[in-house]
$ cat model02.pdb   # PDB, C-alpha atoms, pLDDT in the B column
MODEL        1
ATOM      1  CA  MET H 157      57.483  31.326  92.934  1.00 42.00           C
ATOM      2  CA  GLY H 158      59.677  29.970  95.723  1.00 50.00           C
ATOM      3  CA  ALA H 159      61.790  26.904  96.324  1.00 70.00           C
ATOM      4  CA  ASP H 160      60.176  23.504  95.879  1.00 91.00           C
ATOM      5  CA  VAL H 161      61.167  19.860  95.539  1.00 94.00           C
ATOM      6  CA  LEU H 162      60.999  17.767  92.382  1.00 96.00           C
ATOM      7  CA  ASN H 163      61.178  13.972  92.416  1.00 96.00           C
ATOM      8  CA  VAL H 164      63.578  12.872  89.687  1.00 97.00           C
ATOM      9  CA  GLY H 165      63.967   9.117  89.453  1.00 93.00           C
ATOM     10  CA  GLY H 166      63.370   8.704  93.185  1.00 96.00           C
ATOM     11  CA  VAL H 167      65.775  11.526  94.117  1.00 97.00           C
ATOM     12  CA  SER H 168      64.440  14.744  95.627  1.00 98.00           C
ATOM     13  CA  LEU H 169      65.961  17.816  93.982  1.00 98.00           C
ATOM     14  CA  GLU H 170      65.573  21.362  95.281  1.00 98.00           C
ATOM     15  CA  THR H 171      64.091  23.621  92.603  1.00 98.00           C
ATOM     16  CA  ARG H 172      63.012  27.200  92.144  1.00 98.00           C
ATOM     17  CA  ARG H 173      60.730  28.353  89.325  1.00 97.00           C
ATOM     18  CA  ILE H 174      60.059  31.904  88.223  1.00 97.00           C
ATOM     19  CA  GLY H 175      57.165  32.610  85.921  1.00 94.00           C
ATOM     20  CA  GLY H 176      57.400  34.178  82.492  1.00 94.00           C
ATOM     21  CA  ASP H 177      55.744  33.979  79.113  1.00 97.00           C
ATOM     22  CA  PRO H 178      54.659  30.318  78.826  1.00 96.00           C
ATOM     23  CA  ALA H 179      54.963  30.519  75.045  1.00 97.00           C
ATOM     24  CA  ARG H 180      58.726  30.966  75.399  1.00 98.00           C
ATOM     25  CA  PRO H 181      61.191  28.178  76.232  1.00 98.00           C
ATOM     26  CA  THR H 182      62.169  27.870  79.876  1.00 98.00           C
ATOM     27  CA  LEU H 183      65.673  28.951  80.875  1.00 98.00           C
ATOM     28  CA  VAL H 184      67.143  26.054  82.868  1.00 98.00           C
ATOM     29  CA  LEU H 185      70.001  27.138  85.126  1.00 98.00           C
ATOM     30  CA  LEU H 186      72.828  24.657  85.736  1.00 99.00           C
ATOM     31  CA  HIS H 187      75.042  25.660  88.649  1.00 98.00           C
ATOM     32  CA  GLU H 188      78.786  25.491  89.187  1.00 98.00           C
ATOM     33  CA  GLY H 189      80.718  22.814  91.079  1.00 98.00           C
ATOM     34  CA  LEU H 190      79.989  24.410  94.459  1.00 98.00           C
ATOM     35  CA  GLY H 191      76.677  26.003  93.500  1.00 98.00           C
ATOM     36  CA  SER H 192      73.030  25.552  94.421  1.00 98.00           C
ATOM     37  CA  VAL H 193      69.667  27.228  93.949  1.00 98.00           C
ATOM     38  CA  SER H 194      70.425  29.843  96.613  1.00 98.00           C
ATOM     39  CA  LEU H 195      73.939  30.551  95.332  1.00 98.00           C
ATOM     40  CA  TRP H 196      72.456  31.948  92.130  1.00 98.00           C
ATOM     41  CA  ARG H 197      71.202  34.702  94.451  1.00 97.00           C
ATOM     42  CA  ASP H 198      68.975  37.111  92.459  1.00 97.00           C
ATOM     43  CA  PHE H 199      70.339  36.202  89.021  1.00 98.00           C
ATOM     44  CA  PRO H 200      67.310  34.004  88.147  1.00 98.00           C
ATOM     45  CA  ASP H 201      64.940  36.864  88.967  1.00 98.00           C
ATOM     46  CA  GLN H 202      66.982  39.329  86.926  1.00 98.00           C
ATOM     47  CA  LEU H 203      67.138  36.891  84.026  1.00 98.00           C
ATOM     48  CA  ALA H 204      63.376  36.404  84.028  1.00 98.00           C
ATOM     49  CA  ALA H 205      62.800  40.157  84.213  1.00 97.00           C
ATOM     50  CA  VAL H 206      65.176  40.971  81.346  1.00 97.00           C
ATOM     51  CA  THR H 207      64.159  38.163  78.985  1.00 98.00           C
ATOM     52  CA  GLY H 208      60.493  37.482  79.812  1.00 98.00           C
ATOM     53  CA  HIS H 209      61.243  33.748  79.792  1.00 98.00           C
ATOM     54  CA  PRO H 210      60.254  31.353  82.571  1.00 98.00           C
ATOM     55  CA  VAL H 211      63.255  30.228  84.638  1.00 98.00           C
ATOM     56  CA  LEU H 212      63.963  26.964  86.445  1.00 98.00           C
ATOM     57  CA  ALA H 213      66.927  26.637  88.803  1.00 98.00           C
ATOM     58  CA  PHE H 214      67.721  23.416  90.646  1.00 98.00           C
ATOM     59  CA  SER H 215      70.350  21.977  92.951  1.00 98.00           C
ATOM     60  CA  ARG H 216      71.929  18.797  91.680  1.00 98.00           C
ATOM     61  CA  ALA H 217      71.943  15.791  93.999  1.00 98.00           C
ATOM     62  CA  GLY H 218      74.502  16.339  96.742  1.00 98.00           C
ATOM     63  CA  TYR H 219      74.026  20.117  96.692  1.00 98.00           C
ATOM     64  CA  GLY H 220      71.805  22.640  98.427  1.00 98.00           C
ATOM     65  CA  ARG H 221      68.672  21.064  99.889  1.00 97.00           C
ATOM     66  CA  SER H 222      68.608  18.172  97.423  1.00 98.00           C
ATOM     67  CA  ASP H 223      69.180  14.566  98.451  1.00 98.00           C
ATOM     68  CA  PRO H 224      72.804  13.626  99.166  1.00 97.00           C
ATOM     69  CA  VAL H 225      74.893  11.309  96.995  1.00 97.00           C
ATOM     70  CA  ASP H 226      77.446   8.666  97.807  1.00 97.00           C
ATOM     71  CA  LEU H 227      81.081   9.700  97.489  1.00 98.00           C
ATOM     72  CA  PRO H 228      83.394   9.535  95.698  1.00 97.00           C
ATOM     73  CA  ARG H 229      81.615  10.741  92.615  1.00 98.00           C
ATOM     74  CA  PRO H 230      82.437   8.929  89.374  1.00 98.00           C
ATOM     75  CA  LEU H 231      84.940  10.938  87.353  1.00 98.00           C
ATOM     76  CA  ASP H 232      82.448  11.184  84.489  1.00 98.00           C
ATOM     77  CA  TYR H 233      79.807  12.729  86.765  1.00 98.00           C
ATOM     78  CA  MET H 234      79.255  15.702  84.439  1.00 98.00           C
ATOM     79  CA  GLN H 235      78.629  13.429  81.474  1.00 98.00           C
ATOM     80  CA  ARG H 236      76.170  11.417  83.564  1.00 98.00           C
ATOM     81  CA  GLU H 237      74.375  14.577  84.673  1.00 98.00           C
ATOM     82  CA  GLY H 238      74.037  15.765  81.072  1.00 98.00           C
ATOM     83  CA  ARG H 239      73.052  12.497  79.433  1.00 98.00           C
ATOM     84  CA  ASP H 240      71.060  10.774  82.156  1.00 97.00           C
ATOM     85  CA  VAL H 241      69.887  13.090  84.952  1.00 98.00           C
ATOM     86  CA  LEU H 242      68.974  16.272  83.083  1.00 98.00           C
ATOM     87  CA  PRO H 243      66.555  14.530  80.675  1.00 98.00           C
ATOM     88  CA  ARG H 244      64.719  13.016  83.644  1.00 97.00           C
ATOM     89  CA  LEU H 245      64.555  16.389  85.365  1.00 98.00           C
ATOM     90  CA  LEU H 246      63.084  18.028  82.253  1.00 98.00           C
ATOM     91  CA  ASP H 247      60.503  15.244  82.088  1.00 97.00           C
ATOM     92  CA  ALA H 248      59.600  15.663  85.764  1.00 97.00           C
ATOM     93  CA  ALA H 249      59.315  19.436  85.316  1.00 97.00           C
ATOM     94  CA  GLY H 250      57.100  19.017  82.245  1.00 97.00           C
ATOM     95  CA  LEU H 251      59.432  21.006  79.979  1.00 98.00           C
ATOM     96  CA  ASP H 252      59.607  20.348  76.245  1.00 97.00           C
ATOM     97  CA  ARG H 253      61.346  23.565  75.085  1.00 98.00           C
ATOM     98  CA  VAL H 254      64.390  24.817  76.977  1.00 98.00           C
ATOM     99  CA  VAL H 255      67.396  27.087  76.816  1.00 98.00           C
ATOM    100  CA  LEU H 256      70.263  25.830  78.962  1.00 98.00           C
ATOM    101  CA  VAL H 257      72.201  28.428  80.955  1.00 99.00           C
ATOM    102  CA  GLY H 258      75.192  26.788  82.605  1.00 98.00           C
ATOM    103  CA  HIS H 259      78.050  28.066  84.761  1.00 98.00           C
ATOM    104  CA  SER H 260      81.400  26.237  85.113  1.00 98.00           C
ATOM    105  CA  ASP H 261      80.563  22.540  85.805  1.00 98.00           C
ATOM    106  CA  GLY H 262      76.987  23.403  84.856  1.00 98.00           C
ATOM    107  CA  ALA H 263      78.212  24.780  81.529  1.00 98.00           C
ATOM    108  CA  SER H 264      79.971  21.482  80.847  1.00 98.00           C
ATOM    109  CA  ILE H 265      76.778  19.584  81.695  1.00 98.00           C
ATOM    110  CA  ALA H 266      74.815  21.847  79.344  1.00 98.00           C
ATOM    111  CA  LEU H 267      77.208  21.133  76.463  1.00 98.00           C
ATOM    112  CA  VAL H 268      77.096  17.391  77.105  1.00 98.00           C
ATOM    113  CA  HIS H 269      73.300  17.408  77.109  1.00 98.00           C
ATOM    114  CA  ALA H 270      73.016  19.544  73.973  1.00 98.00           C
ATOM    115  CA  GLY H 271      75.580  17.368  72.207  1.00 98.00           C
ATOM    116  CA  SER H 272      73.918  14.061  73.099  1.00 98.00           C
ATOM    117  CA  SER H 273      70.888  12.234  71.762  1.00 96.00           C
ATOM    118  CA  ALA H 274      68.969  13.414  74.842  1.00 94.00           C
ATOM    119  CA  GLY H 275      69.216  17.077  73.874  1.00 96.00           C
ATOM    120  CA  THR H 276      66.278  17.313  71.478  1.00 97.00           C
ATOM    121  CA  ARG H 277      64.414  19.876  73.625  1.00 97.00           C
ATOM    122  CA  VAL H 278      67.271  22.379  73.652  1.00 98.00           C
ATOM    123  CA  GLU H 279      66.819  25.463  71.474  1.00 98.00           C
ATOM    124  CA  LYS H 280      69.864  27.490  72.571  1.00 98.00           C
ATOM    125  CA  VAL H 281      72.760  27.173  75.015  1.00 98.00           C
ATOM    126  CA  VAL H 282      74.466  29.820  77.130  1.00 98.00           C
ATOM    127  CA  VAL H 283      77.687  28.779  78.862  1.00 98.00           C
ATOM    128  CA  MET H 284      79.577  30.918  81.359  1.00 98.00           C
ATOM    129  CA  ALA H 285      83.173  29.991  82.270  1.00 98.00           C
ATOM    130  CA  PRO H 286      82.812  26.539  80.651  1.00 98.00           C
ATOM    131  CA  HIS H 287      85.196  23.595  81.000  1.00 98.00           C
ATOM    132  CA  THR H 288      85.663  21.272  78.030  1.00 98.00           C
ATOM    133  CA  PHE H 289      89.024  19.822  79.106  1.00 98.00           C
ATOM    134  CA  VAL H 290      91.333  20.151  82.101  1.00 98.00           C
ATOM    135  CA  GLU H 291      93.762  23.065  82.232  1.00 98.00           C
ATOM    136  CA  PRO H 292      96.618  23.439  84.763  1.00 98.00           C
ATOM    137  CA  ILE H 293      95.243  26.818  85.915  1.00 98.00           C
ATOM    138  CA  CYS H 294      92.023  25.104  86.929  1.00 98.00           C
ATOM    139  CA  LEU H 295      93.755  22.452  89.015  1.00 98.00           C
ATOM    140  CA  THR H 296      95.885  25.097  90.726  1.00 98.00           C
ATOM    141  CA  SER H 297      92.761  27.001  91.758  1.00 98.00           C
ATOM    142  CA  ILE H 298      90.995  23.841  92.904  1.00 98.00           C
ATOM    143  CA  ARG H 299      93.974  22.979  95.111  1.00 98.00           C
ATOM    144  CA  ALA H 300      93.751  26.484  96.560  1.00 98.00           C
ATOM    145  CA  ALA H 301      90.040  25.930  97.228  1.00 98.00           C
ATOM    146  CA  ARG H 302      90.903  22.789  99.188  1.00 98.00           C
ATOM    147  CA  GLU H 303      93.273  24.769 101.391  1.00 98.00           C
ATOM    148  CA  ALA H 304      90.636  27.446 101.908  1.00 98.00           C
ATOM    149  CA  TYR H 305      88.016  24.861 102.853  1.00 98.00           C
ATOM    150  CA  LEU H 306      90.354  23.353 105.442  1.00 98.00           C
ATOM    151  CA  ASN H 307      91.875  26.542 106.812  1.00 98.00           C
ATOM    152  CA  SER H 308      89.446  29.440 106.354  1.00 98.00           C
ATOM    153  CA  ASP H 309      85.762  30.237 106.774  1.00 98.00           C
ATOM    154  CA  LEU H 310      84.880  28.817 103.335  1.00 98.00           C
ATOM    155  CA  ARG H 311      83.140  25.797 104.831  1.00 98.00           C
ATOM    156  CA  ASP H 312      80.994  28.014 107.062  1.00 98.00           C
ATOM    157  CA  ARG H 313      80.040  30.213 104.099  1.00 98.00           C
ATOM    158  CA  LEU H 314      79.098  27.209 101.979  1.00 98.00           C
ATOM    159  CA  GLN H 315      77.085  25.689 104.816  1.00 98.00           C
ATOM    160  CA  ARG H 316      74.586  28.539 104.582  1.00 97.00           C
ATOM    161  CA  HIS H 317      73.643  27.228 101.151  1.00 98.00           C
ATOM    162  CA  HIS H 318      74.265  23.477 101.384  1.00 98.00           C
ATOM    163  CA  GLY H 319      73.373  22.663 104.991  1.00 98.00           C
ATOM    164  CA  ALA H 320      73.894  18.965 105.666  1.00 98.00           C
ATOM    165  CA  ASN H 321      75.233  18.567 102.115  1.00 98.00           C
ATOM    166  CA  THR H 322      78.207  20.891 102.673  1.00 98.00           C
ATOM    167  CA  ASP H 323      80.942  18.257 102.875  1.00 98.00           C
ATOM    168  CA  CYS H 324      79.253  16.198 100.173  1.00 98.00           C
ATOM    169  CA  ALA H 325      79.147  19.186  97.839  1.00 98.00           C
ATOM    170  CA  PHE H 326      82.723  20.271  98.437  1.00 98.00           C
ATOM    171  CA  TRP H 327      84.536  16.938  98.500  1.00 98.00           C
ATOM    172  CA  GLY H 328      82.433  15.468  95.715  1.00 98.00           C
ATOM    173  CA  TRP H 329      83.658  18.298  93.496  1.00 98.00           C
ATOM    174  CA  ASN H 330      87.176  18.806  94.827  1.00 98.00           C
ATOM    175  CA  ASP H 331      88.209  15.169  95.118  1.00 98.00           C
ATOM    176  CA  SER H 332      86.940  14.433  91.609  1.00 98.00           C
ATOM    177  CA  TRP H 333      88.847  17.260  89.934  1.00 98.00           C
ATOM    178  CA  LEU H 334      92.033  16.468  91.855  1.00 98.00           C
ATOM    179  CA  ALA H 335      91.894  12.705  91.258  1.00 98.00           C
ATOM    180  CA  PRO H 336      94.972  11.620  89.254  1.00 98.00           C
ATOM    181  CA  ASP H 337      92.909  10.232  86.362  1.00 98.00           C
ATOM    182  CA  PHE H 338      90.759  13.362  86.043  1.00 98.00           C
ATOM    183  CA  VAL H 339      93.505  15.083  84.054  1.00 98.00           C
ATOM    184  CA  HIS H 340      92.208  13.047  81.099  1.00 98.00           C
ATOM    185  CA  TRP H 341      88.618  14.325  81.450  1.00 98.00           C
ATOM    186  CA  ASP H 342      87.498  15.829  78.130  1.00 98.00           C
ATOM    187  CA  ILE H 343      84.049  16.554  76.668  1.00 98.00           C
ATOM    188  CA  ARG H 344      85.167  18.076  73.367  1.00 98.00           C
ATOM    189  CA  GLY H 345      83.790  15.013  71.594  1.00 98.00           C
ATOM    190  CA  PHE H 346      80.248  16.231  72.327  1.00 98.00           C
ATOM    191  CA  LEU H 347      80.720  19.640  70.701  1.00 98.00           C
ATOM    192  CA  PRO H 348      80.329  18.711  66.994  1.00 98.00           C
ATOM    193  CA  ALA H 349      76.813  17.424  67.756  1.00 98.00           C
ATOM    194  CA  VAL H 350      75.659  20.685  69.409  1.00 98.00           C
ATOM    195  CA  GLY H 351      73.377  21.795  66.588  1.00 96.00           C
ATOM    196  CA  VAL H 352      71.821  24.860  68.250  1.00 98.00           C
ATOM    197  CA  PRO H 353      73.087  28.432  68.730  1.00 98.00           C
ATOM    198  CA  VAL H 354      75.651  28.812  71.512  1.00 98.00           C
ATOM    199  CA  LEU H 355      76.745  31.878  73.495  1.00 98.00           C
ATOM    200  CA  VAL H 356      80.026  31.596  75.420  1.00 98.00           C
ATOM    201  CA  ILE H 357      80.726  34.118  78.191  1.00 98.00           C
ATOM    202  CA  GLN H 358      84.222  34.178  79.680  1.00 98.00           C
ATOM    203  CA  GLY H 359      85.935  36.480  82.163  1.00 98.00           C
ATOM    204  CA  GLN H 360      89.388  37.577  81.096  1.00 98.00           C
ATOM    205  CA  ASP H 361      90.581  37.107  84.701  1.00 98.00           C
ATOM    206  CA  ASP H 362      88.999  33.675  85.183  1.00 98.00           C
ATOM    207  CA  GLU H 363      91.131  31.818  87.708  1.00 97.00           C
ATOM    208  CA  TYR H 364      89.750  28.436  86.606  1.00 98.00           C
ATOM    209  CA  GLY H 365      90.123  28.615  82.824  1.00 98.00           C
ATOM    210  CA  THR H 366      91.495  30.487  79.824  1.00 98.00           C
ATOM    211  CA  ILE H 367      90.491  31.563  76.338  1.00 97.00           C
ATOM    212  CA  LEU H 368      91.412  28.041  75.207  1.00 98.00           C
ATOM    213  CA  GLN H 369      88.015  26.878  76.487  1.00 98.00           C
ATOM    214  CA  VAL H 370      86.251  29.483  74.346  1.00 98.00           C
ATOM    215  CA  ASP H 371      88.353  28.563  71.313  1.00 98.00           C
ATOM    216  CA  ALA H 372      87.567  24.867  71.758  1.00 98.00           C
ATOM    217  CA  ILE H 373      83.822  25.517  71.674  1.00 98.00           C
ATOM    218  CA  ARG H 374      83.907  28.135  68.929  1.00 97.00           C
ATOM    219  CA  GLY H 375      85.986  25.874  66.706  1.00 96.00           C
ATOM    220  CA  ALA H 376      83.917  22.716  67.160  1.00 98.00           C
ATOM    221  CA  VAL H 377      80.202  23.516  67.346  1.00 97.00           C
ATOM    222  CA  PRO H 378      78.724  23.414  63.834  1.00 95.00           C
ATOM    223  CA  GLY H 379      77.429  26.965  63.745  1.00 85.00           C
ATOM    224  CA  GLY H 380      80.352  28.493  65.585  1.00 87.00           C
ATOM    225  CA  ALA H 381      79.560  30.344  68.788  1.00 97.00           C
ATOM    226  CA  ALA H 382      78.838  33.901  69.772  1.00 98.00           C
ATOM    227  CA  THR H 383      81.344  35.007  72.414  1.00 98.00           C
ATOM    228  CA  LEU H 384      81.540  37.644  75.109  1.00 98.00           C
ATOM    229  CA  LEU H 385      84.935  38.202  76.727  1.00 98.00           C
ATOM    230  CA  LEU H 386      84.632  40.387  79.798  1.00 98.00           C
ATOM    231  CA  PRO H 387      87.439  42.473  81.325  1.00 97.00           C
ATOM    232  CA  ASP H 388      87.691  42.822  85.095  1.00 97.00           C
ATOM    233  CA  CYS H 389      85.821  39.536  85.409  1.00 98.00           C
ATOM    234  CA  GLY H 390      86.744  36.282  87.108  1.00 98.00           C
ATOM    235  CA  HIS H 391      85.110  32.861  87.140  1.00 98.00           C
ATOM    236  CA  SER H 392      81.575  34.118  87.854  1.00 98.00           C
ATOM    237  CA  PRO H 393      80.559  36.539  85.084  1.00 98.00           C
ATOM    238  CA  HIS H 394      76.956  36.776  86.317  1.00 98.00           C
ATOM    239  CA  ARG H 395      78.244  38.103  89.652  1.00 97.00           C
ATOM    240  CA  ASP H 396      81.236  40.153  88.460  1.00 98.00           C
ATOM    241  CA  GLN H 397      79.566  41.751  85.422  1.00 98.00           C
ATOM    242  CA  PRO H 398      75.804  41.150  85.794  1.00 98.00           C
ATOM    243  CA  GLY H 399      74.707  44.003  83.559  1.00 98.00           C
ATOM    244  CA  ALA H 400      76.835  42.890  80.630  1.00 98.00           C
ATOM    245  CA  VAL H 401      75.822  39.249  81.081  1.00 98.00           C
ATOM    246  CA  LEU H 402      72.104  39.991  81.269  1.00 98.00           C
ATOM    247  CA  ALA H 403      72.282  42.276  78.221  1.00 98.00           C
ATOM    248  CA  ALA H 404      74.168  39.639  76.213  1.00 98.00           C
ATOM    249  CA  ILE H 405      71.751  36.845  77.117  1.00 98.00           C
ATOM    250  CA  GLY H 406      68.753  39.078  76.384  1.00 98.00           C
ATOM    251  CA  ALA H 407      70.124  39.918  72.933  1.00 98.00           C
ATOM    252  CA  PHE H 408      71.038  36.268  72.263  1.00 98.00           C
ATOM    253  CA  LEU H 409      67.482  35.128  72.989  1.00 97.00           C
ATOM    254  CA  ARG H 410      65.796  37.682  70.744  1.00 95.00           C
TER
ENDMDL
END
$ encode --input "model02.pdb" --output "structure tokens"
Amino acid sequence: MGADVLNVGGVSLETRRIGGDPARPTLVLLHEGLGSVSLWRDFPDQLAAVTGHPVLAFSRAGYGRSDPVDLPRPLDYMQREGRDVLPRLLDAAGLDRVVLVGHSDGASIALVHAGSSAGTRVEKVVVMAPHTFVEPICLTSIRAAREAYLNSDLRDRLQRHHGANTDCAFWGWNDSWLAPDFVHWDIRGFLPAVGVPVLVIQGQDDEYGTILQVDAIRGAVPGGAATLLLPDCGHSPHRDQPGAVLAAIGAFLR
């Protein structure tokens, strides 16, 4: 199935659904801070093929072909996405059993949702390169991204995926993370309420985070967390090590 639009509380969100066994929970993909439906590339198709589960990918407001948002974003935008927006999206999509698969900002949103009162439909959570608090390495890389956006072809490359939302997507993410008060952003308080199995996937060469993020999750979620630490892997495990990631998710879902 191809790209479509879902009305979520009066906001049009770009979506893509891939069929699978309807008796299995749907894998809901939550993209990174500069991501979109198209930036997942063929990962959703591979995930559906390996697991047999239906897959739903969507672009958050301000990304891809979804409606734009007003800037600046509130500094708790990930908490708002997890507690308020994602439940409405699941309602609009007619989903009552889901596995959340989040990358970077999307991983943080997944943990917020699963650790909130809204997360009753979640059966498992997969997080790749998650953020639970702000690390200096992350801010250094986000500053470098700003320079690249201003002085390289990064904006042109992102425009292929975000179109008219390109500046909204980039500055909504970059300005939020580099705001002086964002250093205090922290979602570790949600983790003790994540009462479902969790798989954490982290690249050992992640330029946006360290093993401290894995340790924070593993030490706080009630059942602990399965972990996969990947060598020769940066901030995007599903692109750098797709075979290992797909195998790990497939095993986790069985």
$ resolve_selection --input "model02.pdb" --expression "the PyMOL selection byres ((chain H and resi 369) around 9)" --output "number ranges by chain"
H: 285-289, 291, 358, 365-368, 370-374
$ residues_near_point --input "model02.pdb" --point "(61.9, 7.5, 83.0)" --cutoff "9 Å" --atoms "all atoms listed in the file" --output "PyMOL selection string"
chain H and resi 164-165+243-244+247-248
$ residues_around --input "model02.pdb" --residues "range 337-352 of chain H" --least-positions-apart "4" --cutoff "8 Å" --atoms "only C-alpha atoms" --output "MDAnalysis selection string"
chainID H and resid 231:232 235 264 267:268 270:272 278:281 288:290 332:333 372:373 376:379
$ write_last_selection --input "model02.pdb" --atoms "C-alpha atoms" --output "PDB file, in the coordinates of the input"
ATOM      1  CA  LEU H 231      84.940  10.938  87.353  1.00 98.00           C
ATOM      2  CA  ASP H 232      82.448  11.184  84.489  1.00 98.00           C
ATOM      3  CA  GLN H 235      78.629  13.429  81.474  1.00 98.00           C
ATOM      4  CA  SER H 264      79.971  21.482  80.847  1.00 98.00           C
ATOM      5  CA  LEU H 267      77.208  21.133  76.463  1.00 98.00           C
ATOM      6  CA  VAL H 268      77.096  17.391  77.105  1.00 98.00           C
ATOM      7  CA  ALA H 270      73.016  19.544  73.973  1.00 98.00           C
ATOM      8  CA  GLY H 271      75.580  17.368  72.207  1.00 98.00           C
ATOM      9  CA  SER H 272      73.918  14.061  73.099  1.00 98.00           C
ATOM     10  CA  VAL H 278      67.271  22.379  73.652  1.00 98.00           C
ATOM     11  CA  GLU H 279      66.819  25.463  71.474  1.00 98.00           C
ATOM     12  CA  LYS H 280      69.864  27.490  72.571  1.00 98.00           C
ATOM     13  CA  VAL H 281      72.760  27.173  75.015  1.00 98.00           C
ATOM     14  CA  THR H 288      85.663  21.272  78.030  1.00 98.00           C
ATOM     15  CA  PHE H 289      89.024  19.822  79.106  1.00 98.00           C
ATOM     16  CA  VAL H 290      91.333  20.151  82.101  1.00 98.00           C
ATOM     17  CA  SER H 332      86.940  14.433  91.609  1.00 98.00           C
ATOM     18  CA  TRP H 333      88.847  17.260  89.934  1.00 98.00           C
ATOM     19  CA  ALA H 372      87.567  24.867  71.758  1.00 98.00           C
ATOM     20  CA  ILE H 373      83.822  25.517  71.674  1.00 98.00           C
ATOM     21  CA  ALA H 376      83.917  22.716  67.160  1.00 98.00           C
ATOM     22  CA  VAL H 377      80.202  23.516  67.346  1.00 97.00           C
ATOM     23  CA  PRO H 378      78.724  23.414  63.834  1.00 95.00           C
ATOM     24  CA  GLY H 379      77.429  26.965  63.745  1.00 85.00           C
TER      25      GLY H 379
END
$ closest_atom_pairs --input "model02.pdb" --of "range 184-277 of chain H" --to "range 314-317 of chain H" --cutoff "9 Å" --atoms "all atoms listed in the file" --output "CSV"
residue,atom,partner,partner_atom,distance
H:Leu190,CA,H:Leu314,CA,8.1
H:Gly191,CA,H:His317,CA,8.3
H:Ser192,CA,H:His317,CA,7.0
H:Val193,CA,H:His317,CA,8.2
H:Ser194,CA,H:His317,CA,6.1
H:Leu195,CA,H:His317,CA,6.7
H:Tyr219,CA,H:His317,CA,8.4
H:Gly220,CA,H:His317,CA,5.6
H:Arg221,CA,H:His317,CA,8.0
$ atom_distance --input "model02.pdb" --atom1 "CA of Ile174 in chain H" --atom2 "CA of Gly258 in chain H"
16.9 Å
$ axis_aligned_box --input "model02.pdb" --around "range 349-362 of chain H" --padding-each-side "6 Å" --output "JSON"
{"center_x": 81.2, "center_y": 27.5, "center_z": 75.9, "size_x": 30.8, "size_y": 32.2, "size_z": 30.6}
$ closest_atom_pairs --input "model02.pdb" --of "range 227-272 of chain H" --to "range 179-183 of chain H" --cutoff "6 Å" --atoms "only C-alpha atoms" --output "Markdown table"
| residue | atom | partner | partner_atom | distance |
| --- | --- | --- | --- | --- |
| H:Arg253 | CA | H:Pro181 | CA | 4.8 |
| H:Val254 | CA | H:Pro181 | CA | 4.7 |
| H:Val255 | CA | H:Leu183 | CA | 4.8 |
| H:Leu256 | CA | H:Leu183 | CA | 5.9 |
$ closest_residue --input "model02.pdb" --among "H:Ser392, H:Thr171, H:Gln360, H:Gln202" --to "Phe214 in chain H" --atoms "only C-alpha atoms"
H:Thr171
$ resolve_selection --input "model02.pdb" --expression "the PyMOL selection byres ((chain H and resi 400) around 12)" --output "list in words"
Leu203, Val206, Ile357, Gln358, Gly359, Leu384, Leu385, Leu386, Pro387, Asp388, Cys389, Pro393, His394, Arg395, Asp396, Gln397, Pro398, Gly399, Val401, Leu402, Ala403, Ala404, Ile405, Gly406 and Ala407 of chain H
$ write_last_selection --input "model02.pdb" --atoms "C-alpha atoms" --output "compact mmCIF listing (two decimals), in the frame of the given file"
# COMPACT_ATOMS: atom_id res chain seq x y z
CA LEU H 203 67.14 36.89 84.03
CA VAL H 206 65.18 40.97 81.35
CA ILE H 357 80.73 34.12 78.19
CA GLN H 358 84.22 34.18 79.68
CA GLY H 359 85.94 36.48 82.16
CA LEU H 384 81.54 37.64 75.11
CA LEU H 385 84.94 38.20 76.73
CA LEU H 386 84.63 40.39 79.80
CA PRO H 387 87.44 42.47 81.32
CA ASP H 388 87.69 42.82 85.10
CA CYS H 389 85.82 39.54 85.41
CA PRO H 393 80.56 36.54 85.08
CA HIS H 394 76.96 36.78 86.32
CA ARG H 395 78.24 38.10 89.65
CA ASP H 396 81.24 40.15 88.46
CA GLN H 397 79.57 41.75 85.42
CA PRO H 398 75.80 41.15 85.79
CA GLY H 399 74.71 44.00 83.56
CA VAL H 401 75.82 39.25 81.08
CA LEU H 402 72.10 39.99 81.27
CA ALA H 403 72.28 42.28 78.22
CA ALA H 404 74.17 39.64 76.21
CA ILE H 405 71.75 36.84 77.12
CA GLY H 406 68.75 39.08 76.38
CA ALA H 407 70.12 39.92 72.93
